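Trainee: Can you read through this structure? Questions will come right after.
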Amino acid sequence: MSEIATGTTSLLRASLSRTGKWAASFAFVSGAVGDVLNPLGPFAAYIALGAAVAALIIAIAMVLRLVLAAKAMPALIFATSAAAIAGGVYGIQQQTNSQNGVIAGLVPAVAELQQSLGIVSQKVAKIEKTVTETQKTVEAVKKSTDTVAKTTEEIALTQTRQTQQGTETQKTVDAVKQTTDSLAAGQEQQQAQAEKLQATTEQIAASIDTIAKGFAQLSAQGGAIADPKRPDEFYHNARVYELAGDMLNARRSYLGFAGFDVDAIDPYTRFATLLRVQDGKAGAREVLGSLAEKAKAPSIKLVHLLQFDDVQRLDKLNAFIAANPDYATAYFLLAQEFSEDRLGSQTLADKRSEATALTKFVSYEKDGGLLKYFVDQSQLADWLDRSRARLTALGDVLDPSRFVPTLTPTRSNAGWSMTISLPEPATAISWRLGANGPFTETGMLAMNDQRTGKPMPNPSFELPDSTAATNIGIKYLDIRGRETGPFDIRFDPDSALQQGNKQILDQFWTSWIAFDAGGNRGLVYFTQMLSFRCAIRQVHYSLNGTALDKEIKMPPCDAKDPYAIPSDYQPYFKVKDDVKSMAVQVTYTDGTKSPVREYKRQ
């Protein structure tokens, strides 16, 4: 402090020696001029106030070190001198109540000068106006002075705060630097550990085969490993803890296995099952989702998408397969989406989708193509056994010629009755004639289908007897409301009539021949064959043996009235009393022959 005071005193003395004389002289002249101009206004007071304000501002600037003291000191001396001299003049004016100034009262020549210049003869009104304006100026200057003082205080406060903030900022910077150094050191350590772990993984678990062998060996030994380091050890512990009911440690072990990012399906499907039991499907989806975001192994992503619901799950699974068409295990999981266990009841489309996916999955078994996806080989064996069993149960569902609708035309005197047979339950059936045009629904029966619990669609429709050969389109809605078809079925009225008659003849062959019917002794009736003759080309028979050396001549088929017997044709012939039996064989219009049928006379 003594050094600072000594320096300030030296600077003041040097400034006074250089500027003191001219500053005092100039200040004295300013005071004299202000005194001479006093009739116009209190200029001495104005000069004193302005110089005082200037001196105050310069002093504050020097204290705050906003300007160099060496440069500001002469100005400070001048402002201080001017304020002191002008203030003194103004004080004397007030004490002597001199309106024309102190000098004019002492020196008459100055008073005459004022009168010659017209200063004193100014009108009182102008003087009063000037005084009023001067008063306003003084108030404005005072207000400015207050503002300057307030601003000065704020500047000082701000500078203090900035100094404090600077100190705190420096501390923060030092802390951040220390933290950064610590993080950098931690990252280097983690990187070293990761590299060490990667090296260990590459050496110990270079392939799923290696992990699987290690897992098999550990499973044979039994018991949990105290300090697991390899993926097979983590998976082994997870299974041991899970089977023992220790779900917390099982969960930790599964997470430890997931940290190796091994592309195997069975650990993650088992982990997902555990998570669903503990956290529900939403919880399992969240945990596996966080793993899937970090992992590169497709198996984790595959198991994650299985945690979604129904349609969303199926869409995501199809998208995964589209992006990974050779990822074998995805096809087994896709098959489960269409299985009876999942759906409860299957449509034909569901069965075909299941069979297609299972066939694709099993096809990868060749040359051990599925081994790389499983750590626990028993899980692979289970999947394969289930796939083969389901394919056996599904049979030839993939045969395109099977499981299609069929039409059974039945001819009556009024026309055709078309009966539709479907390969699965339906909720609606439609048909149309030809390859184009709208479909017509068959309508509903007044009963429910026990298989669907819904009204049963009418399985038949009628056609006029004049219908020509054409294609008939059939389509239906399955139990899930999915449209199946259309299926084009060929309809030939002549062929349909022949096939229908043949079916009846084969089914009711015991009615071909009737001995002594209606008490008509000695007559043999063949009325049934005659009614369905549109299917018959020839009828051979023999009596009392099987020589088939005789023929019954049938009238031509009348397609318009096929079952009518011509009025001029007799449906019987006479036999002697010694005829005890009759053998008959029918040759049909399609070239086939019936077995030789033998009829005994009673």
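Labels used: A, B, ... for chains in the order of the structure tokens, numbers from 1 for residues in each chain, and numbers from 1 for ligands as shown.
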Apply DSSP to the structure's backbone, then extract all residues of stretch 374-586 of chain A labelled helix (DSSP H, G or I) and return them as a PyMOL selection string.

Mentor: chain A and resi 377-394+493-507+509-511+517-519+527-531+533-535

Trainee: I want to know what sits within 12 Å of A:Val287, based on only C-alpha atoms, with residues of the same chain fewer than 2 positions away left out; could you give that as a PyMOL selection string?

Mentor: chain A and resi 251+254-255+258+268+271-272+274-276+278-285+289-294+300-301+303-305+307

Trainee: Report as a ChimeraX atom specification all protein, DNA and RNA residues lying within 8 Å of stretch 224-235 of chain A, evaluated on only C-alpha atoms, omitting residues in the same chain fewer than 6 positions from it.

Mentor: /A:201,204-205,211-212,214-215,218,241,253-254,256-257,260,262,267,375

Trainee: Residues of the last selection are to be written out with C-alpha atoms, as a PDB file, in the first residue's frame.

Mentor:
```
ATOM      1  CA  THR A 201     -13.345 -64.842 -27.383  1.00  0.00           C
ATOM      2  CA  ILE A 204     -11.815 -69.851 -26.823  1.00  0.00           C
ATOM      3  CA  ALA A 205     -15.078 -69.336 -28.730  1.00  0.00           C
ATOM      4  CA  ILE A 211     -19.022 -73.148 -27.738  1.00  0.00           C
ATOM      5  CA  ALA A 212     -21.398 -76.077 -28.225  1.00  0.00           C
ATOM      6  CA  GLY A 214     -17.748 -76.618 -24.270  1.00  0.00           C
ATOM      7  CA  PHE A 215     -21.404 -76.367 -23.240  1.00  0.00           C
ATOM      8  CA  LEU A 218     -19.981 -78.448 -18.800  1.00  0.00           C
ATOM      9  CA  TYR A 241     -29.646 -71.434 -12.211  1.00  0.00           C
ATOM     10  CA  SER A 253     -25.845 -65.270 -16.736  1.00  0.00           C
ATOM     11  CA  TYR A 254     -27.961 -64.880 -19.867  1.00  0.00           C
ATOM     12  CA  GLY A 256     -23.334 -62.266 -19.627  1.00  0.00           C
ATOM     13  CA  PHE A 257     -23.707 -64.629 -22.589  1.00  0.00           C
ATOM     14  CA  PHE A 260     -20.298 -61.969 -26.370  1.00  0.00           C
ATOM     15  CA  VAL A 262     -22.789 -64.990 -30.221  1.00  0.00           C
ATOM     16  CA  PRO A 267     -29.848 -69.149 -25.610  1.00  0.00           C
ATOM     17  CA  VAL A 375     -25.227 -74.079 -28.711  1.00  0.00           C
TER      18      VAL A 375
END
```

Trainee: Let me make sure I understand: among A:Ile92, A:Pro425, A:Asp261, A:Asp478, which one has the smallest atom-to-atom distance to A:Asn448 if we use only C-alpha atoms?

Mentor: A:Pro425

Trainee: Report, in Å with one decimal, the straight-line distance from atom CA of A:Leu64 to atom CA of A:Ala45.

Mentor: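 So the answer is 28.7 Å.
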
Trainee: In Å, rounded to a single decimal, give me how far atom CA of A:Met418 is from atom CA of A:Phe526.

Mentor: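 So the two atoms, atom CA of A:Phe526 and atom CA of A:Met418, lie 28.6 Å apart.
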
Trainee: List as a PyMOL selection string the protein and nucleic acid residues near A:Asp577, meaning an atom at most 12 Å away when only C-alpha atoms are counted, but skip any in the same chain fewer than 6 places from it.

Mentor: chain A and resi 515-516+521-524+543-544+601-602

Trainee: Dump as CSV the rows for residues of stretch 407-447 of chain A within 7 Å of stretch 495-513 of chain A: closest atom pair and distance in Å with one decimal, only C-alpha atoms counted, ordered by chain and rising residue number.

Mentor:
```
residue,atom,partner,partner_atom,distance
A:Pro409,CA,A:Ala496,CA,6.3
A:Thr410,CA,A:Gly500,CA,6.5
A:Arg411,CA,A:Leu497,CA,6.5
```

Trainee: Point out the residue among A:Gly50, A:Pro325, A:Gly245, A:Gly519 with the least atom-to-atom distance to A:Ala357, counting only C-alpha atoms.

Mentor: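 Checking each of A:Gly50, A:Pro325, A:Gly245, A:Gly519 against A:Ala357, counting only C-alpha atoms, the winner is A:Pro325.
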
Trainee: With distances taken over only C-alpha atoms, which residue among A:Thr356, A:Ser531, A:Thr592, A:Ser219 lies nearest A:Ser412?

Mentor: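 So, comparing all the options, the nearest one is A:Ser531.
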
Trainee: To one decimal in Å, tell me the separation between atom CA of A:Thr587 and atom CA of A:Pro555.

Mentor: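 Going from atom CA of A:Thr587 over to atom CA of A:Pro555 covers 14.8 Å.
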
Trainee: Identify, on the basis of only C-alpha atoms, every residue whose closest approach to A:Gly545 does not exceed 9 Å; exclude the query and any residue fewer than 5 positions from it along the same chain; express the result as a PDB file with C-alpha atoms, in the first residue's frame.

Mentor:
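Writing done, so here's result-v6.pdb:
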```
ATOM      1  CA  SER A 581     -80.576-117.417 -61.991  1.00  0.00           C
ATOM      2  CA  MET A 582     -79.413-114.633 -64.256  1.00  0.00           C
ATOM      3  CA  ALA A 583     -75.917-113.115 -64.783  1.00  0.00           C
ATOM      4  CA  GLU A 598     -75.589-112.713 -60.538  1.00  0.00           C
TER       5      GLU A 598
END
```

Trainee: Which residue is closest to A:Thr210? Choose from A:Arg352, A:Arg270, A:Lys372, A:Lys296 and count only C-alpha atoms.

Mentor: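 Ranking A:Arg352, A:Arg270, A:Lys372, A:Lys296 by distance to A:Thr210, first place goes to A:Lys372.
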
Trainee: Go through A:Leu384, A:Val596, A:Leu530, A:Ala244 one by one, measure the shortest atom-to-atom distance of each to A:Lys553 using only C-alpha atoms, and give the residue with the smallest value.

Mentor: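 Residue with the minimum atom-to-atom distance to A:Lys553: A:Leu530.
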